[in-house]
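Visitor: Take this structure, written in structure tokens, and hold onto it; I'll ask about it next.
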Amino acid sequence: MNHPLDPIFKPRSIAVIGASHNPTKRGYQSIKSLLQDKFEGNIFPVNQKEKEILGLPVYPDVGSIEEEIDLALIATPAQSVPELISQCGKKRVKGAVVLAVGFGEMGAEGKRLQEEIVRIGRESNVRIVGPNTSGMFNLHHRLNLTGIRDIRNGSMAILSQSGNIALSLITRVNMKSKTGVGVYIGIGNEADIRFHEYLSYLKDDPNTNVVVIFVDGLRDGHKFLELAKETVEQKPIILLQSGRSEKGRKAAHTHTGALAGLSAVAKSAFKRAGIITIEHSDELYPTAEALANLRPLSRSNIAVLSDGGGHASLAADALQDVGIRMPDLSHDVRMKLRALLPANASVENPIDVAGASDSHPGILADCARILLEEPGVDGLMLTGMFGGYHIRFSDSLLEEEKETAHRFAELAAQYNKPIIVQTLYASHRPEPLVVLKEHHIPVHESIDISSKCMSVLDEYGRYLNTSRERTDFVIRSEGKRDPDALQVFEKVYAENRKIMLETEARRVLSLHDLPITDYEFATSEQEAVTAARNIGYPVVLKIISPEIIHKSDAGGVILNVKNDDSVRDGFDVLIGRARRYNQRAKIKGVLVAPMMPRGVEVVIGVTQDPQFGPVIMFGVGGVMVEILKDVVFHVLPIGRVSSTSMVNEVRSHAILEGIRGNPPSDKEAIVDLIMQVSGFVEAYPDIIDEMDLNPIIVYERGLTIVDARIMLK
């Protein structure tokens, strides 16, 4: 055994604690499954009241079993689990699958019980699957602890926090696909073993081609992203996430006790890690099947081959909706198609054979060969009624349809380009479609589902083309810290503060070469005048006080101050306003900074996400950003590809291009600054909690940070 989770995925012996004679109980179903599937290890039923179950001797407790135990299935009520985990620890059992509900998903008492079993497990080296899990199976090793029967073994692996979602997917696979599910883990409450640990096993599992995930929430989201990116570079991950709505987030918390974070953060994080996210449950099985069996698209150029104009136009619309291109065909290809098809056929993309296949289905394979030979075509969607010509027109067409299906399989293998078939006869399951499925060519009744399958192949292919340019999500602070900045942080902590003064924030940002405006600090009218002369008029005056965080609320900012007298008056005004706003405020003095010319205002911020840790935010609007809410979030750290993506993702991106005669903004400077902020926060992950750079004024060339606020952990 080479992986830490091998005793769970590939146990050599299993103790079923809570073994039962009752066929409705998991303690019976699991033993029966293990026996029927000819599990190659030893099975030890445990029950104090029984002597024999399904021909196996029963033990009163795990301590009574003489042989070593790799894995325990605990099928008993929640209150009994702590003692049983303790017994497993004494027996040196390596893993335990805890089925019971009544833990973290059930409130404070359940959370306490969950923390107890995790503590006992860690003290005794027992890794825990669950609790609140539907079980697990690894059919490649004849292991099934779920009670689900007649599962088609195959190359899909499922990690799910919902047993019913997994059962739904497994049922659909059994009914509609030749691609089976070989591995399933019911994550449950993710109390001990985390999502990323399961991924680390599946990443190198030679029997797994695609990982399917259903998630309510992640307890270590940042580590999950690290492992997901590593996994995606070898095999695709497709994920269905609950909690996109407020009601959904509440249900997710009730379901697993997980923290359901901002869906905007999660969705962008998953995308950056190369995970394909699905928002509609009916798309999960077909897209997973496509990713398991078909080569990802190197480009998104698809040809549509149809036996009718209606299906052709609907397919073109559906593909466009999901971002797939349908390139114009070369003159040579169109002439070859024209030589095969009747005069009323359309040889433009989408191709309509205009009934030519009604009496000669094989012509579709002839056309497909011409299209797949074309270098500018990366994949093919066949739409219409293939597989049902012998049903619609004549039984005599059955053999030709079957032969055509075999030809499609040969073409897919020869050209190594994906073929997806949409047909109105998909639910009839005629023999030609069975042939396609046996060769792992997806067949669907829905044009929209077929198009979605093509789009995930495109998304995965595009990610693989750029994966080396993307971050690995590992935060590295080594060598990035500045000793002088650390002294500033230490001073703030020494004064028992969490929020830095603006002067302190400006100081640490300057030490890391972030482009913040010059400033001087004044404790008297004369110092303020001297500072203003040094900086050059006009200037901005700001009150500095640890008790006044939001300066505008206190009237603590005066803009566009143009001469010495105005500076003196402004200094006195700010001190007076601050004292009236908060009589107990310790007023340090006044910050003097240049009044910057107008430009486009943007904001960059950092906050802590409960699932993913530090998250960077970019938005257009500056002080108006809270009203406009035109912002995007990305998990840190962040590289140039993702920084550029952030700038281009905001809805008001056109403002940066220059409108109404204004010059374009320096987008490269924004990208550079986002990366600088990422590096700055990455240097102090244990210190910086939140940061707000707002506004940042962007010009045709360059930008400057006008205001900065930093909150420490």
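Following the order of the structure tokens, first chain is A, next is B, and so on, with residues numbered from 1 inside each chain and ligands from 1 in the order they appear.
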Write out as a VMD selection string which residues come within 7 Å of Val456 in chain A when counting only C-alpha atoms, dropping same-chain ones fewer than 3 positions away.
Guide: chain A and resid 276 287 452 to 453 459 to 460
Visitor: Set the distance at 8 Å and use only C-alpha atoms: which residues neighbour Lys10 in chain A once local chain neighbours fewer than 6 positions away are removed? I'd like the list as a PyMOL selection string.
Guide: chain A and resi 138+141+143
Visitor: Could you give me, as a Markdown table, a per-residue list for range 557-636 of chain A showing, wherever an atom lies at most 6 Å from an atom of range 515-525 of chain A, the closest pair of atoms and their distance in Å to one decimal, using only C-alpha atoms and sorting by chain then residue number from low to high?
Guide:
```
| residue | atom | partner | partner_atom | distance |
| --- | --- | --- | --- | --- |
| A:Arg568 | CA | A:Glu525 | CA | 5.1 |
| A:Gly589 | CA | A:Thr523 | CA | 4.5 |
| A:Val590 | CA | A:Ala522 | CA | 5.2 |
| A:Leu591 | CA | A:Phe521 | CA | 4.7 |
| A:Val592 | CA | A:Glu520 | CA | 5.3 |
| A:Ala593 | CA | A:Tyr519 | CA | 4.5 |
```
Visitor: Could you write out the selected residues, including N, CA, C and O atoms, as a PDB file, in the first residue's frame?
Guide:
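So out.pdb came out as:
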```pdb
ATOM      1  N   ARG A 568      -3.906  75.695   6.815  1.00  0.00           N
ATOM      2  CA  ARG A 568      -4.040  75.983   8.244  1.00  0.00           C
ATOM      3  C   ARG A 568      -5.495  75.837   8.702  1.00  0.00           C
ATOM      4  O   ARG A 568      -5.791  75.216   9.730  1.00  0.00           O
ATOM      5  N   GLY A 589      -2.929  63.212  14.197  1.00  0.00           N
ATOM      6  CA  GLY A 589      -2.530  64.322  13.356  1.00  0.00           C
ATOM      7  C   GLY A 589      -3.262  64.281  12.026  1.00  0.00           C
ATOM      8  O   GLY A 589      -4.354  63.718  11.919  1.00  0.00           O
ATOM      9  N   VAL A 590      -2.642  64.879  11.012  1.00  0.00           N
ATOM     10  CA  VAL A 590      -3.276  65.003   9.701  1.00  0.00           C
ATOM     11  C   VAL A 590      -2.300  64.508   8.625  1.00  0.00           C
ATOM     12  O   VAL A 590      -1.114  64.839   8.652  1.00  0.00           O
ATOM     13  N   LEU A 591      -2.819  63.727   7.710  1.00  0.00           N
ATOM     14  CA  LEU A 591      -2.041  63.260   6.559  1.00  0.00           C
ATOM     15  C   LEU A 591      -2.230  64.249   5.414  1.00  0.00           C
ATOM     16  O   LEU A 591      -3.355  64.671   5.126  1.00  0.00           O
ATOM     17  N   VAL A 592      -1.137  64.612   4.775  1.00  0.00           N
ATOM     18  CA  VAL A 592      -1.161  65.525   3.631  1.00  0.00           C
ATOM     19  C   VAL A 592      -0.693  64.746   2.401  1.00  0.00           C
ATOM     20  O   VAL A 592       0.385  64.136   2.411  1.00  0.00           O
ATOM     21  N   ALA A 593      -1.515  64.740   1.370  1.00  0.00           N
ATOM     22  CA  ALA A 593      -1.191  63.999   0.142  1.00  0.00           C
ATOM     23  C   ALA A 593      -1.581  64.837  -1.063  1.00  0.00           C
ATOM     24  O   ALA A 593      -2.412  65.744  -0.965  1.00  0.00           O
TER      25      ALA A 593
END
```
Visitor: As a list in words, please: every residue in range 623-653 of chain A that DSSP puts in strand (DSSP E).
Guide: Val631, Val632, Phe633, His634 and Val635 of chain A
Visitor: With a distance cut-off of 9 Å and only C-alpha atoms, select the neighbouring residues of Leu398 in chain A, excluding the residue or stretch itself and same-chain residues fewer than 6 positions from it, and output the selection as an mmCIF file with N, CA and C atoms, in the first residue's frame.
Guide:
```cif
data_model
loop_
_atom_site.group_PDB
_atom_site.id
_atom_site.type_symbol
_atom_site.label_atom_id
_atom_site.label_comp_id
_atom_site.auth_asym_id
_atom_site.auth_seq_id
_atom_site.Cartn_x
_atom_site.Cartn_y
_atom_site.Cartn_z
ATOM 1 N N GLY A 387 -30.476 6.259 -36.060
ATOM 2 C CA GLY A 387 -30.843 5.129 -35.218
ATOM 3 C C GLY A 387 -32.296 4.753 -35.347
ATOM 4 N N GLY A 388 -33.084 5.666 -35.945
ATOM 5 C CA GLY A 388 -34.516 5.410 -36.069
ATOM 6 C C GLY A 388 -35.027 5.398 -37.495
ATOM 7 N N TYR A 389 -34.124 5.404 -38.479
ATOM 8 C CA TYR A 389 -34.593 5.355 -39.875
ATOM 9 C C TYR A 389 -35.348 4.058 -40.158
ATOM 10 N N HIS A 390 -34.859 2.959 -39.581
ATOM 11 C CA HIS A 390 -35.549 1.683 -39.806
ATOM 12 C C HIS A 390 -36.895 1.644 -39.094
ATOM 13 N N ILE A 391 -37.059 2.463 -38.055
ATOM 14 C CA ILE A 391 -38.342 2.557 -37.355
ATOM 15 C C ILE A 391 -39.285 3.480 -38.128
ATOM 16 N N GLU A 431 -30.907 -0.729 -31.884
ATOM 17 C CA GLU A 431 -29.601 -1.378 -31.973
ATOM 18 C C GLU A 431 -28.491 -0.455 -32.490
ATOM 19 N N PRO A 432 -28.723 0.379 -33.515
ATOM 20 C CA PRO A 432 -27.630 1.249 -33.971
ATOM 21 C C PRO A 432 -27.105 2.174 -32.877
#
```
Visitor: Just give me the gap between CA of Ile278 in chain A and CA of Lys235 in chain A in Å, one decimal is fine.
Guide: 16.9 Å
Visitor: Which polymer residues have any atom within 6 Å of an atom of range 200-213 of chain A, counting only C-alpha atoms, with same-chain residues fewer than 2 positions away left out, as number ranges by chain?
Guide: A: 155-160, 197-198, 231, 235-239, 292
Visitor: Would you save the residues from that selection as a short mmCIF file (atom, residue, chain, number, x, y, z; two decimals), in the first residue's frame, using C-alpha atoms?
Guide:
```
data_model
loop_
_atom_site.label_atom_id
_atom_site.label_comp_id
_atom_site.auth_asym_id
_atom_site.auth_seq_id
_atom_site.Cartn_x
_atom_site.Cartn_y
_atom_site.Cartn_z
CA SER A 155 -14.05 4.78 -15.11
CA MET A 156 -16.10 7.42 -13.27
CA ALA A 157 -15.39 8.27 -9.63
CA ILE A 158 -17.92 10.16 -7.48
CA LEU A 159 -17.25 12.28 -4.40
CA SER A 160 -20.59 13.43 -3.03
CA GLU A 197 -7.34 13.91 0.40
CA TYR A 198 -9.76 11.83 -1.65
CA THR A 231 -5.74 16.33 -10.75
CA LYS A 235 -8.02 13.85 -15.70
CA PRO A 236 -11.11 16.10 -15.68
CA ILE A 237 -13.16 17.05 -12.63
CA ILE A 238 -16.81 18.01 -13.02
CA LEU A 239 -18.65 19.55 -10.09
CA ALA A 292 -14.70 10.34 -19.39
#
```
Visitor: Which of these, A:Cys367, A:Val557, A:Ala532, A:Leu703, has the shortest distance to Arg598 in chain A once you count only C-alpha atoms?
Guide: A:Leu703
